[in-house]
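Here is the structure we will look at.
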Amino acid sequence: MTLLVKGGWLVHEDRVEKGDLLIEGEKISAVGPELKAGGAEVLDAAGKYVLPGVIDAHVHYQMPIGDLLTADDFYTGTRSAACGGVTTVIDYAEPCGPGESLRAAIDRRLAEAQGQIAVDLALHLVLFPGQEEDKESLKEAVEQGLVSFKVFTTYDQRMSYEAIGRCLLRAEEVGALVTVHAEDHDIVTAARRELTEAGLTSPRYHGRSRPAEAEVVAVGRIVEMARSLGARAYFVHVSSGEAAGLIASARAQGLEVYGETCPHYLLLTEEEYATERAALSLMCPPLRKRTDNFRLWEALSRETFQVVATDHCSYTPAQKAAGTAFFNTPAGIPGTETLLPLIYSYGVRDGWLTLPQMVRVLAGNPARLFGLYPRKGCLQPGSDADVVVFNPRREVTLEGENLHSAAGYTPFAGFKVRGYPDATILRGRLVYYQGRFLGEKGQGRFIPGRTRK
Ligand code: URP
Ligand code: ZN
Ligand code: ZN
């Protein structure tokens with residue numbers, strides 16, 4: 001099938017220009033002014049922005065936590081993604097424990113996604129302590145297309161800082177990038193103990209149970225390790241202005257450290273925890289102060305952060321309400337579908353980001369960092385025809401019931417956005433148009449990442 005996206009403002013990473021996009025089959029075949037294509041179906045994009053499909057580089061679908069599974073499975077999660085202009089998501093292959101081989105964990109995760117996904121999928125690989133020693137398996141994982149590893153400084157699967165150091169080195173050897181959930185476990189444990197002993201355990205104390213200091217200490221330790229080892233590191237879901245400052249100064253000194261933040265850390269505050277919505281906004285790390293919002297926007301505008309992703313990890317209000325304390329309320333929120341409208345409305349319209357910067361943090365940079373570029377992340381001949389026609393005049397008040405996640409709510413309820421996707425095209429197929437999902441379960445593909453080696 002041939003599709004001509006006609007007369008829009010094409011937003012690239014370095015410029016915005018008026019033009020057409022010709023799609024033949026699954027690929028972009030031409031980009032330029034006044035393209036001619038007899039017989040092509042025409043999608044009129046006059047007055048709209050034409051963007052590369054968004055990549056949400058941090059999602060968790062069908063993720064078990066104890067006896068609980070996230071509300072979104074691979075189908076509902078990716079359907080919701082398509083309706084928000086997101087054409088590639090990066091989820092996780094996670095061993096069931098240190099005993100499961102990496103190969104088995106990857107094969108199991110691919111089998112879970114197979115036939116279910118409605119947009120394209122890449123995977124990061126979670127490592128348990130000890131697995132960083134198994135160079136052969138790490139190499140094999142990279143060959144399978146999992147070119148980024150994930151380690152935790154907290155939770156049950158936490159690694160010691162020393163083990164993370166070994167992991168940074170191993171990853172360099174096999175050409176992978178280590179992504180880190182950075183919250184110092186000792187600080188989190190001490191804060192939790194203090195609150196528990198004082199009987200302050202309701203979700204309203206979640207923020208105090210994981211103070212910003214925990215993030216700052218963990219980011220600081222790993223930055224120093226990256227410096228002494230000459231290795232790269234990528235920090236997921238950075239929540240505090242102070243941690244952003246550490247990443248900024250490391251980068252200014254030439255270190256290859258990267259940062260990701262999320263819409264909730266840019267737009268919501270710990271004041272949520274003082275309301276009846278506390279559990280619905282409970283995620284790790286927690287929401288911070290209004291001043292952190294500003295410092296994070298500033299860091300994004302200065303390109304201290306390379307990526308905005310959502311850490312989409314959804315639970316229904318009923319699943320959330322089953323928790324009685326901050327430590328047994330399932331942590332995580334839905335976010336993929338609202339990523340682009342929020343970053344456009346509160347990032348671009350409010351003057352923090354230019355349109356090309358938005359395309360860099362939502363498409364180009366995650367594609368490059370996770371080995372998907374130039375197949376994904378850009379509007380170039382030869383790239384996958386993953387395209388968003390974005391209407392900068394469409395006004396929407398976000399409400400859970402109008403979104404497509406199985407969570408059934410959004411922590412951004414009541415946020416007004418001006419600018420919303422009109423159409424999402426996945427490899428040449430229209431999968432979303434003006435409020436309606438038109439795609440199909442199983443049309444998404446696993447996209448292996450490629451290393452830079
Ligand atoms: O609360 C969160 N973020 N849940 C998802 C798992 C993680 O830590 O990223
Ligand atoms: Zn995390
Ligand atoms: Zn996460």
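Identifiers for the structure tokens are assigned positionally: chains receive A, B, ... in sequence, residues are indexed from 1 per chain, and ligands are indexed from 1 in the order shown.
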Quick one: residues within 6 Å of ligand 1, with only C-alpha atoms and all ligand atoms, as a list of chain:residue names?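 Final answer, ordered by chain and number: A:Met283, A:Cys284, A:Asp311, A:Cys313, A:Ala331, A:Gly332.
Considering only C-alpha atoms and all ligand atoms, the residues that reside within 7 Å of ligand 2 can be listed as His181, Val236, His237 and Cys284 of chain A.
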Residue contacts of Thr196 of chain A (12 Å, only C-alpha atoms) excluding same-chain residues fewer than 4 positions away, as a list in words: Thr189, Ala190, Ala191, Arg192, Leu200, Thr201, Ser202, Pro203, Tyr205, His206, Arg208, Ser209, Ala325, Phe326 and Phe327 of chain A
Those selected residues, please, written with N, CA and C atoms and delivered as a short mmCIF file (atom, residue, chain, number, x, y, z; two decimals), in the first residue's frame.
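Below is the file that was written, out12.cif:
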```cif
data_model
loop_
_atom_site.label_atom_id
_atom_site.label_comp_id
_atom_site.auth_asym_id
_atom_site.auth_seq_id
_atom_site.Cartn_x
_atom_site.Cartn_y
_atom_site.Cartn_z
N THR A 189 15.68 1.79 53.44
CA THR A 189 15.36 0.87 54.54
C THR A 189 15.25 1.63 55.87
N ALA A 190 16.19 2.55 56.09
CA ALA A 190 16.18 3.31 57.35
C ALA A 190 14.92 4.19 57.44
N ALA A 191 14.56 4.84 56.33
CA ALA A 191 13.38 5.71 56.34
C ALA A 191 12.12 4.90 56.60
N ARG A 192 12.07 3.74 55.96
CA ARG A 192 10.89 2.88 56.13
C ARG A 192 10.78 2.38 57.57
N LEU A 200 3.50 5.24 61.08
CA LEU A 200 3.09 6.10 59.94
C LEU A 200 3.25 5.30 58.64
N THR A 201 2.29 4.45 58.36
CA THR A 201 2.49 3.51 57.24
C THR A 201 1.50 3.69 56.09
N SER A 202 0.57 4.64 56.19
CA SER A 202 -0.41 4.75 55.11
C SER A 202 0.28 5.30 53.86
N PRO A 203 -0.35 5.10 52.68
CA PRO A 203 0.27 5.59 51.44
C PRO A 203 0.63 7.07 51.48
N TYR A 205 2.44 8.46 53.45
CA TYR A 205 3.84 8.61 53.87
C TYR A 205 4.83 8.06 52.84
N HIS A 206 4.31 7.72 51.67
CA HIS A 206 5.18 7.11 50.65
C HIS A 206 6.38 8.01 50.31
N ARG A 208 7.92 10.24 52.07
CA ARG A 208 8.92 10.25 53.15
C ARG A 208 9.66 8.93 53.25
N SER A 209 9.05 7.85 52.75
CA SER A 209 9.68 6.53 52.87
C SER A 209 10.80 6.33 51.85
N ALA A 325 -0.75 -0.08 53.20
CA ALA A 325 0.39 0.73 53.63
C ALA A 325 1.22 1.10 52.42
N PHE A 326 2.13 2.07 52.59
CA PHE A 326 2.96 2.46 51.43
C PHE A 326 3.80 1.30 50.93
N PHE A 327 4.13 0.34 51.84
CA PHE A 327 5.03 -0.75 51.41
C PHE A 327 4.29 -1.94 50.82
#
```
Members of segment 278-395 of chain A assigned alpha helix (DSSP H) by DSSP, as a ChimeraX atom specification: /A:290-301,317-321,339-342,355-359,365-369
Which residues, written as a short mmCIF file (atom, residue, chain, number, x, y, z; two decimals) with N, CA, C and O atoms, in the first residue's frame, have at least one atom at most 12 Å from Val359 of chain A, with only C-alpha atoms counted and residues fewer than 2 positions away on the same chain left out?
```cif
data_model
loop_
_atom_site.label_atom_id
_atom_site.label_comp_id
_atom_site.auth_asym_id
_atom_site.auth_seq_id
_atom_site.Cartn_x
_atom_site.Cartn_y
_atom_site.Cartn_z
N LEU A 10 6.85 18.81 8.93
CA LEU A 10 7.64 17.64 9.31
C LEU A 10 8.61 18.05 10.41
O LEU A 10 9.40 18.98 10.22
N VAL A 11 8.54 17.37 11.54
CA VAL A 11 9.42 17.73 12.66
C VAL A 11 10.55 16.71 12.73
O VAL A 11 10.34 15.53 13.02
N HIS A 12 11.76 17.19 12.45
CA HIS A 12 12.95 16.36 12.55
C HIS A 12 13.69 16.75 13.84
O HIS A 12 13.29 17.68 14.54
N GLU A 13 14.82 16.09 14.10
CA GLU A 13 15.56 16.39 15.33
C GLU A 13 16.27 17.73 15.26
O GLU A 13 16.66 18.27 16.29
N ASP A 14 16.45 18.26 14.04
CA ASP A 14 17.20 19.51 13.93
C ASP A 14 16.45 20.62 13.20
O ASP A 14 17.00 21.70 13.01
N ARG A 15 15.23 20.35 12.77
CA ARG A 15 14.51 21.38 12.02
C ARG A 15 13.04 21.01 11.86
O ARG A 15 12.68 19.84 12.04
N VAL A 16 12.26 22.02 11.50
CA VAL A 16 10.86 21.79 11.14
C VAL A 16 10.69 22.32 9.74
O VAL A 16 11.12 23.45 9.45
N TYR A 49 1.44 18.80 12.72
CA TYR A 49 2.83 18.36 12.80
C TYR A 49 2.92 16.88 12.44
O TYR A 49 2.05 16.09 12.84
N VAL A 50 3.95 16.55 11.71
CA VAL A 50 4.20 15.15 11.35
C VAL A 50 5.48 14.73 12.07
O VAL A 50 6.56 15.28 11.82
N LEU A 51 5.32 13.80 13.00
CA LEU A 51 6.43 13.43 13.89
C LEU A 51 6.80 11.97 13.68
O LEU A 51 5.95 11.16 13.32
N PRO A 52 8.08 11.62 13.97
CA PRO A 52 8.38 10.19 14.01
C PRO A 52 7.59 9.54 15.15
O PRO A 52 7.34 10.19 16.18
N GLY A 53 7.18 8.29 14.97
CA GLY A 53 6.47 7.58 16.03
C GLY A 53 7.25 7.67 17.33
O GLY A 53 8.48 7.52 17.35
N VAL A 54 6.53 7.91 18.43
CA VAL A 54 7.18 8.07 19.73
C VAL A 54 7.64 6.69 20.23
O VAL A 54 7.00 5.66 19.97
N ILE A 55 8.77 6.71 20.94
CA ILE A 55 9.29 5.49 21.58
C ILE A 55 9.15 5.69 23.08
O ILE A 55 9.74 6.63 23.63
N GLN A 306 18.30 12.84 28.21
CA GLN A 306 18.18 12.52 26.78
C GLN A 306 16.82 11.96 26.45
O GLN A 306 16.42 11.96 25.28
N VAL A 307 16.12 11.46 27.47
CA VAL A 307 14.89 10.70 27.20
C VAL A 307 13.80 11.09 28.20
O VAL A 307 14.08 11.25 29.39
N VAL A 308 12.58 11.23 27.69
CA VAL A 308 11.41 11.21 28.58
C VAL A 308 10.66 9.92 28.26
O VAL A 308 10.30 9.67 27.11
N LEU A 340 3.01 11.94 24.93
CA LEU A 340 3.21 12.96 23.89
C LEU A 340 2.34 14.21 24.13
O LEU A 340 2.87 15.33 24.10
N ILE A 343 3.92 16.21 27.07
CA ILE A 343 5.22 16.84 26.80
C ILE A 343 5.05 17.96 25.78
O ILE A 343 5.70 19.01 25.86
N TYR A 344 4.13 17.79 24.84
CA TYR A 344 3.89 18.89 23.90
C TYR A 344 3.25 20.08 24.63
O TYR A 344 3.73 21.22 24.54
N GLY A 347 5.60 21.05 27.81
CA GLY A 347 7.01 21.22 27.46
C GLY A 347 7.19 22.22 26.33
O GLY A 347 7.81 23.27 26.51
N VAL A 348 6.57 21.91 25.17
CA VAL A 348 6.76 22.78 24.00
C VAL A 348 5.94 24.07 24.15
O VAL A 348 6.48 25.18 24.04
N LEU A 353 10.80 23.37 25.78
CA LEU A 353 11.40 22.58 24.69
C LEU A 353 10.99 23.14 23.34
O LEU A 353 9.87 23.63 23.18
N THR A 354 11.89 23.01 22.36
CA THR A 354 11.48 23.28 20.98
C THR A 354 10.87 21.98 20.42
O THR A 354 11.05 20.90 20.99
N LEU A 355 10.20 22.12 19.28
CA LEU A 355 9.65 20.89 18.66
C LEU A 355 10.76 19.88 18.33
O LEU A 355 10.61 18.69 18.63
N PRO A 356 11.89 20.31 17.72
CA PRO A 356 12.94 19.32 17.46
C PRO A 356 13.47 18.69 18.75
O PRO A 356 13.77 17.50 18.79
N GLN A 357 13.57 19.48 19.82
CA GLN A 357 14.01 18.88 21.10
C GLN A 357 13.02 17.81 21.55
O GLN A 357 13.42 16.76 22.04
N VAL A 361 13.92 13.86 22.44
CA VAL A 361 13.77 13.13 23.71
C VAL A 361 12.70 12.03 23.64
O VAL A 361 12.72 11.10 24.46
N LEU A 362 11.79 12.15 22.67
CA LEU A 362 10.73 11.13 22.58
C LEU A 362 10.97 10.11 21.48
O LEU A 362 10.25 9.11 21.40
N ALA A 363 11.94 10.38 20.60
CA ALA A 363 12.11 9.44 19.47
C ALA A 363 13.59 9.22 19.11
O ALA A 363 14.09 8.11 19.23
N GLY A 364 14.27 10.27 18.68
CA GLY A 364 15.64 10.09 18.17
C GLY A 364 16.60 9.54 19.22
O GLY A 364 17.32 8.57 18.97
N ASN A 365 16.62 10.16 20.40
CA ASN A 365 17.59 9.72 21.42
C ASN A 365 17.32 8.30 21.92
O ASN A 365 18.25 7.49 22.00
N PRO A 366 16.06 7.97 22.30
CA PRO A 366 15.87 6.58 22.73
C PRO A 366 16.19 5.58 21.62
O PRO A 366 16.73 4.51 21.89
N ALA A 367 15.91 5.95 20.37
CA ALA A 367 16.24 5.03 19.27
C ALA A 367 17.75 4.81 19.21
O ALA A 367 18.23 3.68 19.07
N LYS A 376 14.08 3.14 13.60
CA LYS A 376 13.06 3.88 14.36
C LYS A 376 13.61 5.25 14.73
O LYS A 376 14.83 5.47 14.74
N GLY A 377 12.72 6.17 15.09
CA GLY A 377 13.16 7.43 15.68
C GLY A 377 13.37 8.57 14.73
O GLY A 377 13.80 9.65 15.15
N CYS A 378 13.09 8.39 13.44
CA CYS A 378 13.31 9.50 12.50
C CYS A 378 12.40 9.35 11.28
O CYS A 378 11.83 8.29 11.04
N LEU A 379 12.29 10.46 10.55
CA LEU A 379 11.50 10.48 9.32
C LEU A 379 12.49 10.51 8.16
O LEU A 379 12.82 11.58 7.64
N VAL A 387 4.74 6.93 12.18
CA VAL A 387 4.51 8.37 12.00
C VAL A 387 3.32 8.80 12.86
O VAL A 387 2.34 8.05 12.99
N VAL A 388 3.41 10.00 13.40
CA VAL A 388 2.26 10.58 14.12
C VAL A 388 1.85 11.85 13.40
O VAL A 388 2.69 12.71 13.14
#
```
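When the distance limit is 12 Å and only C-alpha atoms are what count, the residues near Ala111 of chain A, minus those fewer than 4 positions from it on the same chain, are Phe74, Ala93, Ala104, Ala105, Ile106, Asp107, Gly115, Gln116, Ile117, Gly442, Arg445 and Phe446 of chain A.
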